[in-house]
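Novice: Got start25.cif for you, mmCIF, N, CA and C atoms:
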```cif
data_upload
#
loop_
_atom_site.label_atom_id
_atom_site.label_comp_id
_atom_site.auth_asym_id
_atom_site.auth_seq_id
_atom_site.Cartn_x
_atom_site.Cartn_y
_atom_site.Cartn_z
N CYS A 1035 0.84 -1.16 0.00
CA CYS A 1035 0.00 0.00 0.00
C CYS A 1035 0.89 1.23 0.00
N ALA A 1036 0.51 2.10 -0.78
CA ALA A 1036 1.28 3.33 -0.89
C ALA A 1036 0.89 4.26 0.23
N PRO A 1037 1.83 5.12 0.62
CA PRO A 1037 1.53 6.03 1.70
C PRO A 1037 0.38 6.97 1.33
N SER A 1038 0.20 7.29 0.11
CA SER A 1038 -0.91 8.17 -0.25
C SER A 1038 -2.22 7.42 -0.09
N ASP A 1039 -2.19 6.13 -0.41
CA ASP A 1039 -3.40 5.32 -0.23
C ASP A 1039 -3.71 5.21 1.27
N LEU A 1040 -2.66 5.05 2.04
CA LEU A 1040 -2.82 4.90 3.47
C LEU A 1040 -3.35 6.21 4.06
N SER A 1041 -2.79 7.26 3.63
CA SER A 1041 -3.23 8.54 4.17
C SER A 1041 -4.64 8.84 3.69
N SER A 1042 -4.98 8.50 2.45
CA SER A 1042 -6.35 8.74 2.01
C SER A 1042 -7.30 7.79 2.73
N GLY A 1043 -6.88 6.60 3.07
CA GLY A 1043 -7.72 5.67 3.83
C GLY A 1043 -7.93 6.17 5.24
N ILE A 1044 -6.86 6.74 5.81
CA ILE A 1044 -6.98 7.28 7.18
C ILE A 1044 -7.91 8.51 7.15
N ASN A 1045 -7.74 9.30 6.15
CA ASN A 1045 -8.60 10.49 6.02
C ASN A 1045 -10.05 10.09 5.81
N ALA A 1046 -10.25 9.05 5.02
CA ALA A 1046 -11.62 8.59 4.77
C ALA A 1046 -12.22 8.02 6.06
N GLU A 1047 -11.37 7.26 6.77
CA GLU A 1047 -11.83 6.68 8.02
C GLU A 1047 -12.10 7.79 9.05
N TYR A 1048 -11.23 8.76 9.07
CA TYR A 1048 -11.40 9.89 9.97
C TYR A 1048 -12.68 10.66 9.60
N GLY A 1049 -12.91 10.84 8.32
CA GLY A 1049 -14.11 11.52 7.84
C GLY A 1049 -15.36 10.76 8.21
N GLU A 1050 -15.30 9.42 8.06
CA GLU A 1050 -16.44 8.59 8.42
C GLU A 1050 -16.70 8.67 9.91
N SER A 1051 -15.61 8.63 10.68
CA SER A 1051 -15.73 8.70 12.13
C SER A 1051 -16.33 10.05 12.53
N LYS A 1052 -15.85 11.09 11.91
CA LYS A 1052 -16.37 12.43 12.19
C LYS A 1052 -17.86 12.51 11.80
N GLU A 1053 -18.18 11.91 10.68
CA GLU A 1053 -19.56 11.91 10.21
C GLU A 1053 -20.44 11.13 11.18
N LYS A 1054 -19.94 9.98 11.67
CA LYS A 1054 -20.69 9.18 12.65
C LYS A 1054 -20.90 9.98 13.93
N GLN A 1055 -19.89 10.70 14.35
CA GLN A 1055 -20.00 11.51 15.56
C GLN A 1055 -21.06 12.61 15.37
N ASN A 1056 -21.01 13.24 14.21
CA ASN A 1056 -22.00 14.29 13.92
C ASN A 1056 -23.42 13.71 13.87
N LEU A 1057 -23.54 12.53 13.24
CA LEU A 1057 -24.85 11.88 13.17
C LEU A 1057 -25.33 11.49 14.57
N SER A 1058 -24.40 10.96 15.36
CA SER A 1058 -24.75 10.57 16.73
C SER A 1058 -25.15 11.80 17.54
N LYS A 1059 -24.39 12.88 17.38
CA LYS A 1059 -24.67 14.12 18.07
C LYS A 1059 -26.04 14.67 17.64
N ASN A 1060 -26.29 14.67 16.36
CA ASN A 1060 -27.58 15.13 15.83
C ASN A 1060 -28.72 14.23 16.31
N SER A 1061 -28.45 12.93 16.40
CA SER A 1061 -29.46 11.98 16.87
C SER A 1061 -29.79 12.26 18.33
N ARG A 1062 -28.78 12.48 19.17
CA ARG A 1062 -29.01 12.80 20.59
C ARG A 1062 -29.76 14.12 20.72
N ARG A 1063 -29.38 15.10 19.91
CA ARG A 1063 -30.05 16.40 19.92
C ARG A 1063 -31.53 16.22 19.53
N SER A 1064 -31.78 15.43 18.53
CA SER A 1064 -33.16 15.17 18.09
C SER A 1064 -33.93 14.43 19.17
N ASP A 1065 -33.30 13.46 19.83
CA ASP A 1065 -33.95 12.74 20.92
C ASP A 1065 -34.32 13.69 22.06
N ARG A 1066 -33.40 14.59 22.41
CA ARG A 1066 -33.68 15.57 23.46
C ARG A 1066 -34.85 16.47 23.05
N LYS A 1067 -34.83 16.90 21.81
CA LYS A 1067 -35.89 17.76 21.30
C LYS A 1067 -37.25 17.01 21.35
N ILE A 1068 -37.22 15.74 20.98
CA ILE A 1068 -38.45 14.92 21.02
C ILE A 1068 -38.95 14.81 22.46
N LYS A 1069 -38.02 14.56 23.42
CA LYS A 1069 -38.42 14.46 24.83
C LYS A 1069 -39.02 15.78 25.31
N GLU A 1070 -38.37 16.89 24.97
CA GLU A 1070 -38.88 18.21 25.37
C GLU A 1070 -40.28 18.45 24.80
N LEU A 1071 -40.44 18.15 23.54
CA LEU A 1071 -41.73 18.34 22.90
C LEU A 1071 -42.79 17.42 23.50
N THR A 1072 -42.39 16.19 23.82
CA THR A 1072 -43.32 15.24 24.44
C THR A 1072 -43.76 15.76 25.81
N LEU A 1073 -42.81 16.26 26.60
CA LEU A 1073 -43.15 16.83 27.90
C LEU A 1073 -44.05 18.06 27.76
N GLN A 1074 -43.75 18.88 26.77
CA GLN A 1074 -44.56 20.06 26.53
C GLN A 1074 -45.99 19.66 26.14
N ILE A 1075 -46.11 18.65 25.30
CA ILE A 1075 -47.44 18.17 24.89
C ILE A 1075 -48.20 17.63 26.10
N GLU A 1076 -47.53 16.88 26.97
CA GLU A 1076 -48.17 16.35 28.18
C GLU A 1076 -48.63 17.49 29.09
N ASP A 1077 -47.77 18.51 29.26
CA ASP A 1077 -48.16 19.67 30.07
C ASP A 1077 -49.38 20.36 29.48
N GLU A 1078 -49.37 20.54 28.18
CA GLU A 1078 -50.51 21.18 27.52
C GLU A 1078 -51.77 20.33 27.64
N ARG A 1079 -51.60 19.02 27.58
CA ARG A 1079 -52.74 18.12 27.74
C ARG A 1079 -53.32 18.25 29.16
N ARG A 1080 -52.42 18.30 30.17
CA ARG A 1080 -52.87 18.47 31.55
C ARG A 1080 -53.59 19.81 31.73
N GLN A 1081 -53.00 20.85 31.15
CA GLN A 1081 -53.64 22.16 31.22
C GLN A 1081 -55.01 22.15 30.56
N CYS A 1082 -55.09 21.48 29.45
CA CYS A 1082 -56.37 21.36 28.74
C CYS A 1082 -57.40 20.66 29.63
N GLU A 1083 -57.01 19.61 30.30
CA GLU A 1083 -57.91 18.90 31.21
C GLU A 1083 -58.34 19.79 32.37
N GLN A 1084 -57.37 20.56 32.90
CA GLN A 1084 -57.71 21.48 33.99
C GLN A 1084 -58.70 22.53 33.52
N TYR A 1085 -58.46 23.09 32.35
CA TYR A 1085 -59.39 24.08 31.80
C TYR A 1085 -60.77 23.47 31.57
N LYS A 1086 -60.76 22.23 31.10
CA LYS A 1086 -62.03 21.54 30.87
C LYS A 1086 -62.79 21.35 32.18
N ASP A 1087 -62.07 20.93 33.23
CA ASP A 1087 -62.70 20.77 34.55
C ASP A 1087 -63.23 22.11 35.07
N GLN A 1088 -62.43 23.16 34.91
CA GLN A 1088 -62.87 24.49 35.35
C GLN A 1088 -64.12 24.93 34.59
N MET A 1089 -64.14 24.65 33.31
CA MET A 1089 -65.29 25.03 32.49
C MET A 1089 -66.54 24.26 32.94
N GLU A 1090 -66.39 22.97 33.23
CA GLU A 1090 -67.52 22.18 33.69
C GLU A 1090 -68.04 22.71 35.02
N LYS A 1091 -67.11 23.07 35.94
CA LYS A 1091 -67.53 23.63 37.22
C LYS A 1091 -68.23 24.97 37.02
N ALA A 1092 -67.70 25.79 36.13
CA ALA A 1092 -68.32 27.10 35.86
C ALA A 1092 -69.70 26.91 35.25
N ASN A 1093 -69.85 25.96 34.35
CA ASN A 1093 -71.16 25.69 33.75
C ASN A 1093 -72.16 25.20 34.80
N SER A 1094 -71.68 24.34 35.68
CA SER A 1094 -72.54 23.84 36.75
C SER A 1094 -72.97 24.99 37.66
N ARG A 1095 -72.02 25.84 38.01
CA ARG A 1095 -72.32 27.00 38.86
C ARG A 1095 -73.31 27.93 38.16
N MET A 1096 -73.11 28.12 36.87
CA MET A 1096 -74.00 28.98 36.09
C MET A 1096 -75.42 28.42 36.09
N LYS A 1097 -75.55 27.10 35.93
CA LYS A 1097 -76.88 26.48 35.95
C LYS A 1097 -77.54 26.67 37.31
N THR A 1098 -76.75 26.50 38.37
CA THR A 1098 -77.27 26.69 39.72
C THR A 1098 -77.75 28.12 39.91
N LEU A 1099 -76.94 29.07 39.46
CA LEU A 1099 -77.32 30.48 39.59
C LEU A 1099 -78.55 30.81 38.76
N LYS A 1100 -78.65 30.24 37.57
CA LYS A 1100 -79.84 30.46 36.74
C LYS A 1100 -81.08 29.93 37.45
N ARG A 1101 -80.95 28.74 38.05
CA ARG A 1101 -82.07 28.15 38.78
C ARG A 1101 -82.48 29.06 39.94
N GLN A 1102 -81.48 29.59 40.67
CA GLN A 1102 -81.78 30.48 41.77
C GLN A 1102 -82.44 31.77 41.28
N ILE A 1103 -81.98 32.28 40.15
CA ILE A 1103 -82.59 33.48 39.58
C ILE A 1103 -84.04 33.21 39.23
N ASP A 1104 -84.31 32.04 38.62
CA ASP A 1104 -85.69 31.69 38.28
C ASP A 1104 -86.55 31.58 39.53
N GLN A 1105 -86.00 30.96 40.58
CA GLN A 1105 -86.75 30.84 41.83
C GLN A 1105 -87.01 32.21 42.43
N ASN A 1106 -85.99 33.07 42.41
CA ASN A 1106 -86.16 34.42 42.94
C ASN A 1106 -87.19 35.19 42.12
N PHE A 1107 -87.16 35.02 40.81
CA PHE A 1107 -88.14 35.68 39.95
C PHE A 1107 -89.55 35.22 40.30
N ASP A 1108 -89.71 33.91 40.51
CA ASP A 1108 -91.02 33.37 40.88
C ASP A 1108 -91.48 33.94 42.22
N GLU A 1109 -90.54 34.03 43.18
CA GLU A 1109 -90.89 34.57 44.49
C GLU A 1109 -91.29 36.04 44.38
N VAL A 1110 -90.55 36.80 43.58
CA VAL A 1110 -90.87 38.21 43.39
C VAL A 1110 -92.23 38.36 42.72
N SER A 1111 -92.49 37.51 41.73
CA SER A 1111 -93.80 37.56 41.05
C SER A 1111 -94.92 37.26 42.03
N ALA A 1112 -94.72 36.24 42.87
CA ALA A 1112 -95.75 35.90 43.86
C ALA A 1112 -95.93 37.04 44.86
N ALA A 1113 -94.82 37.63 45.29
CA ALA A 1113 -94.90 38.76 46.24
C ALA A 1113 -95.62 39.94 45.60
N ASN A 1114 -95.34 40.21 44.34
CA ASN A 1114 -96.01 41.31 43.64
C ASN A 1114 -97.51 41.03 43.50
N ALA A 1115 -97.85 39.78 43.20
CA ALA A 1115 -99.27 39.42 43.10
C ALA A 1115 -99.96 39.61 44.45
N ALA A 1116 -99.31 39.18 45.51
CA ALA A 1116 -99.88 39.34 46.85
C ALA A 1116 -100.01 40.83 47.19
N LYS A 1117 -99.02 41.60 46.80
CA LYS A 1117 -99.06 43.05 47.04
C LYS A 1117 -100.23 43.69 46.29
N ARG A 1118 -100.40 43.30 45.03
CA ARG A 1118 -101.52 43.84 44.25
C ARG A 1118 -102.86 43.47 44.89
N LYS A 1119 -102.96 42.21 45.36
CA LYS A 1119 -104.19 41.76 46.00
C LYS A 1119 -104.47 42.57 47.26
N LEU A 1120 -103.42 42.75 48.08
CA LEU A 1120 -103.60 43.53 49.30
C LEU A 1120 -103.96 44.98 48.97
N GLN A 1121 -103.36 45.53 47.92
CA GLN A 1121 -103.67 46.90 47.53
C GLN A 1121 -105.13 47.01 47.10
N ARG A 1122 -105.61 46.01 46.33
CA ARG A 1122 -107.02 46.01 45.93
C ARG A 1122 -107.93 45.95 47.15
N GLU A 1123 -107.58 45.06 48.10
CA GLU A 1123 -108.38 44.93 49.32
C GLU A 1123 -108.36 46.24 50.11
N LEU A 1124 -107.19 46.86 50.19
CA LEU A 1124 -107.09 48.14 50.91
C LEU A 1124 -107.94 49.20 50.22
N ASP A 1125 -107.85 49.25 48.90
CA ASP A 1125 -108.67 50.22 48.16
C ASP A 1125 -110.16 49.98 48.40
N GLU A 1126 -110.56 48.71 48.43
CA GLU A 1126 -111.96 48.38 48.70
C GLU A 1126 -112.35 48.81 50.11
N GLN A 1127 -111.47 48.56 51.08
CA GLN A 1127 -111.75 48.96 52.46
C GLN A 1127 -111.84 50.47 52.59
N ILE A 1128 -110.95 51.18 51.89
CA ILE A 1128 -110.99 52.65 51.92
C ILE A 1128 -112.29 53.15 51.31
N GLU A 1129 -112.66 52.55 50.19
CA GLU A 1129 -113.91 52.94 49.54
C GLU A 1129 -115.11 52.66 50.45
N MET A 1130 -115.09 51.47 51.09
CA MET A 1130 -116.18 51.11 52.00
C MET A 1130 -116.20 52.07 53.19
N ASN A 1131 -115.03 52.41 53.70
CA ASN A 1131 -114.93 53.34 54.82
C ASN A 1131 -115.49 54.71 54.42
N ASP A 1132 -115.11 55.18 53.22
CA ASP A 1132 -115.62 56.46 52.73
C ASP A 1132 -117.15 56.42 52.62
N THR A 1133 -117.68 55.30 52.07
CA THR A 1133 -119.13 55.17 51.93
C THR A 1133 -119.81 55.20 53.29
N LEU A 1134 -119.27 54.45 54.24
CA LEU A 1134 -119.86 54.42 55.58
C LEU A 1134 -119.74 55.78 56.26
N GLN A 1135 -118.64 56.47 56.02
CA GLN A 1135 -118.44 57.80 56.59
C GLN A 1135 -119.49 58.77 56.03
N ARG A 1136 -119.73 58.68 54.71
CA ARG A 1136 -120.76 59.54 54.11
C ARG A 1136 -122.15 59.21 54.70
N GLU A 1137 -122.43 57.92 54.82
CA GLU A 1137 -123.73 57.52 55.40
C GLU A 1137 -123.86 58.02 56.82
N ASN A 1138 -122.78 57.90 57.58
CA ASN A 1138 -122.77 58.36 58.97
C ASN A 1138 -123.01 59.86 59.03
N ASN A 1139 -122.35 60.61 58.17
CA ASN A 1139 -122.54 62.06 58.15
C ASN A 1139 -123.98 62.42 57.76
N THR A 1140 -124.50 61.68 56.79
CA THR A 1140 -125.89 61.92 56.37
C THR A 1140 -126.84 61.67 57.54
N LEU A 1141 -126.63 60.57 58.26
CA LEU A 1141 -127.50 60.26 59.41
C LEU A 1141 -127.36 61.31 60.50
N LYS A 1142 -126.15 61.79 60.73
CA LYS A 1142 -125.95 62.82 61.75
C LYS A 1142 -126.69 64.09 61.35
N GLN A 1143 -126.61 64.43 60.05
CA GLN A 1143 -127.31 65.63 59.58
C GLN A 1143 -128.81 65.45 59.74
N ARG A 1144 -129.31 64.28 59.40
CA ARG A 1144 -130.75 64.02 59.56
C ARG A 1144 -131.15 64.12 61.03
N GLN A 1145 -130.29 63.57 61.89
CA GLN A 1145 -130.59 63.57 63.32
C GLN A 1145 -130.60 65.00 63.83
N ARG A 1146 -129.64 65.83 63.38
CA ARG A 1146 -129.59 67.23 63.81
C ARG A 1146 -130.84 67.97 63.32
N ARG A 1147 -131.19 67.71 62.05
CA ARG A 1147 -132.39 68.35 61.52
C ARG A 1147 -133.62 67.93 62.31
N GLY A 1148 -133.62 66.66 62.67
CA GLY A 1148 -134.74 66.15 63.47
C GLY A 1148 -134.77 66.82 64.82
N PHE A 1149 -133.62 67.06 65.44
CA PHE A 1149 -133.56 67.73 66.74
C PHE A 1149 -133.95 69.19 66.59
N SER A 1150 -133.49 69.81 65.52
CA SER A 1150 -133.85 71.22 65.36
C SER A 1150 -135.34 71.34 65.08
N THR A 1151 -135.91 70.41 64.33
CA THR A 1151 -137.35 70.40 64.09
C THR A 1151 -138.08 70.14 65.38
N SER A 1152 -137.56 69.23 66.21
CA SER A 1152 -138.22 68.90 67.47
C SER A 1152 -138.09 70.04 68.46
N SER A 1153 -137.01 70.83 68.40
CA SER A 1153 -136.91 71.97 69.31
C SER A 1153 -137.91 73.04 68.90
N ASN A 1154 -138.14 73.18 67.58
CA ASN A 1154 -139.21 74.07 67.13
C ASN A 1154 -140.54 73.52 67.60
N PHE A 1155 -140.66 72.20 67.52
CA PHE A 1155 -141.87 71.53 67.93
C PHE A 1155 -142.10 71.77 69.42
N ARG A 1156 -141.06 71.74 70.23
CA ARG A 1156 -141.15 71.91 71.68
C ARG A 1156 -141.62 73.33 72.00
N SER A 1157 -141.07 74.28 71.28
CA SER A 1157 -141.45 75.65 71.57
C SER A 1157 -142.92 75.88 71.26
N LYS A 1158 -143.45 75.20 70.23
CA LYS A 1158 -144.85 75.32 69.90
C LYS A 1158 -145.70 74.64 70.97
N SER A 1159 -145.26 73.48 71.44
CA SER A 1159 -146.05 72.75 72.42
C SER A 1159 -146.04 73.43 73.77
N SER A 1160 -145.01 74.15 74.11
CA SER A 1160 -144.98 74.84 75.40
C SER A 1160 -145.97 75.99 75.41
N ARG A 1161 -146.38 76.42 74.24
CA ARG A 1161 -147.38 77.48 74.16
C ARG A 1161 -148.79 76.92 74.36
N GLY A 1162 -148.83 75.65 74.58
CA GLY A 1162 -150.15 75.09 74.88
C GLY A 1162 -150.73 74.34 73.72
N GLY A 1163 -149.90 73.78 72.87
CA GLY A 1163 -150.40 73.04 71.74
C GLY A 1163 -150.92 71.68 72.12
N GLY A 1164 -150.72 71.24 73.36
CA GLY A 1164 -151.24 69.99 73.84
C GLY A 1164 -150.43 68.78 73.42
N VAL A 1165 -149.25 68.99 72.92
CA VAL A 1165 -148.41 67.87 72.52
C VAL A 1165 -147.30 67.73 73.55
N ALA A 1166 -146.88 66.50 73.85
CA ALA A 1166 -145.86 66.24 74.88
C ALA A 1166 -144.51 66.79 74.45
N ASP A 1167 -143.67 67.12 75.45
CA ASP A 1167 -142.31 67.60 75.17
C ASP A 1167 -141.44 66.49 74.60
N ASN A 1168 -140.42 66.90 73.92
CA ASN A 1168 -139.47 65.92 73.36
C ASN A 1168 -138.66 65.23 74.43
N ASP A 1169 -138.66 65.79 75.65
CA ASP A 1169 -137.90 65.16 76.72
C ASP A 1169 -138.49 63.81 77.06
N ASP A 1170 -139.77 63.62 76.78
CA ASP A 1170 -140.43 62.36 77.05
C ASP A 1170 -140.12 61.32 76.00
N ILE A 1171 -139.59 61.74 74.85
CA ILE A 1171 -139.31 60.82 73.76
C ILE A 1171 -137.87 60.33 73.89
N SER A 1172 -137.66 59.04 73.81
CA SER A 1172 -136.31 58.49 73.93
C SER A 1172 -135.52 58.72 72.64
N ASP A 1173 -134.21 58.55 72.72
CA ASP A 1173 -133.35 58.73 71.54
C ASP A 1173 -133.66 57.66 70.49
N GLU A 1174 -134.12 56.52 70.92
CA GLU A 1174 -134.42 55.45 69.98
C GLU A 1174 -135.61 55.78 69.12
N GLU A 1175 -136.54 56.51 69.68
CA GLU A 1175 -137.74 56.87 68.95
C GLU A 1175 -137.44 57.92 67.89
N LEU A 1176 -136.39 58.67 68.10
CA LEU A 1176 -136.03 59.69 67.13
C LEU A 1176 -135.36 59.00 65.99
#
```
As structure tokens, please, write out the structure in this file.

Specialist:
Amino acid sequence: CAPSDLSSGINAEYGESKEKQNLSKNSRRSDRKIKELTLQIEDERRQCEQYKDQMEKANSRMKTLKRQIDQNFDEVSAANAAKRKLQRELDEQIEMNDTLQRENNTLKQRQRRGFSTSSNFRSKSSRGGGVADNDDISDEEL
């Protein structure tokens, strides 16, 4: 073997060795990158599950709150209906009270007129009209 052949063989072998080292280095780098990406994907998957759980809890809470709002709305509606009913009853009582008050005033006026007529009547009877005094008549008879 000639020294040039030997040296070219050594160079070729050295080149192959260097190439193998580079390939091995690149392979390890790729493996590390794959592991990093795999870990990142797992983290993102866990985060996704956590977000999903949070969303489910939020939806459940929202449904509960909606139910409570509906119940509160029903209670408010019932309270408003009861309030309207009581207001109607109060208005009726006020109207009835006003009517009775008017009737009472009318009766008092009639009674006063009756007394004033009877006092005129008394003055006539004291002159000798032969009719009994109003003092003999009870309040019930008036």

Novice: How many Å lie between CA of Gln1084 (chain A) and CA of Lys1097 (chain A), rounded to one decimal?

Specialist: 19.9 Å

Novice: To one decimal in Å, tell me the separation between CA of Gln1127 (chain A) and CA of Arg1146 (chain A).

Specialist: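 Interatomic distance here is 27.9 Å.
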
Novice: Listed atoms of region 1083-1098 of chain A, axis-aligned box, 3 Å per side: centre and edge lengths to one decimal in Å, as JSON?

Specialist:
```
{"center_x": -67.4, "center_y": 23.9, "center_z": 35.1, "size_x": 26.7, "size_y": 16.1, "size_z": 15.6}
```

Novice: Record the distance separating atom N of Asn1138 (chain A) and CA of Glu1123 (chain A), expressed in Å with one decimal.

Specialist: 21.1 Å
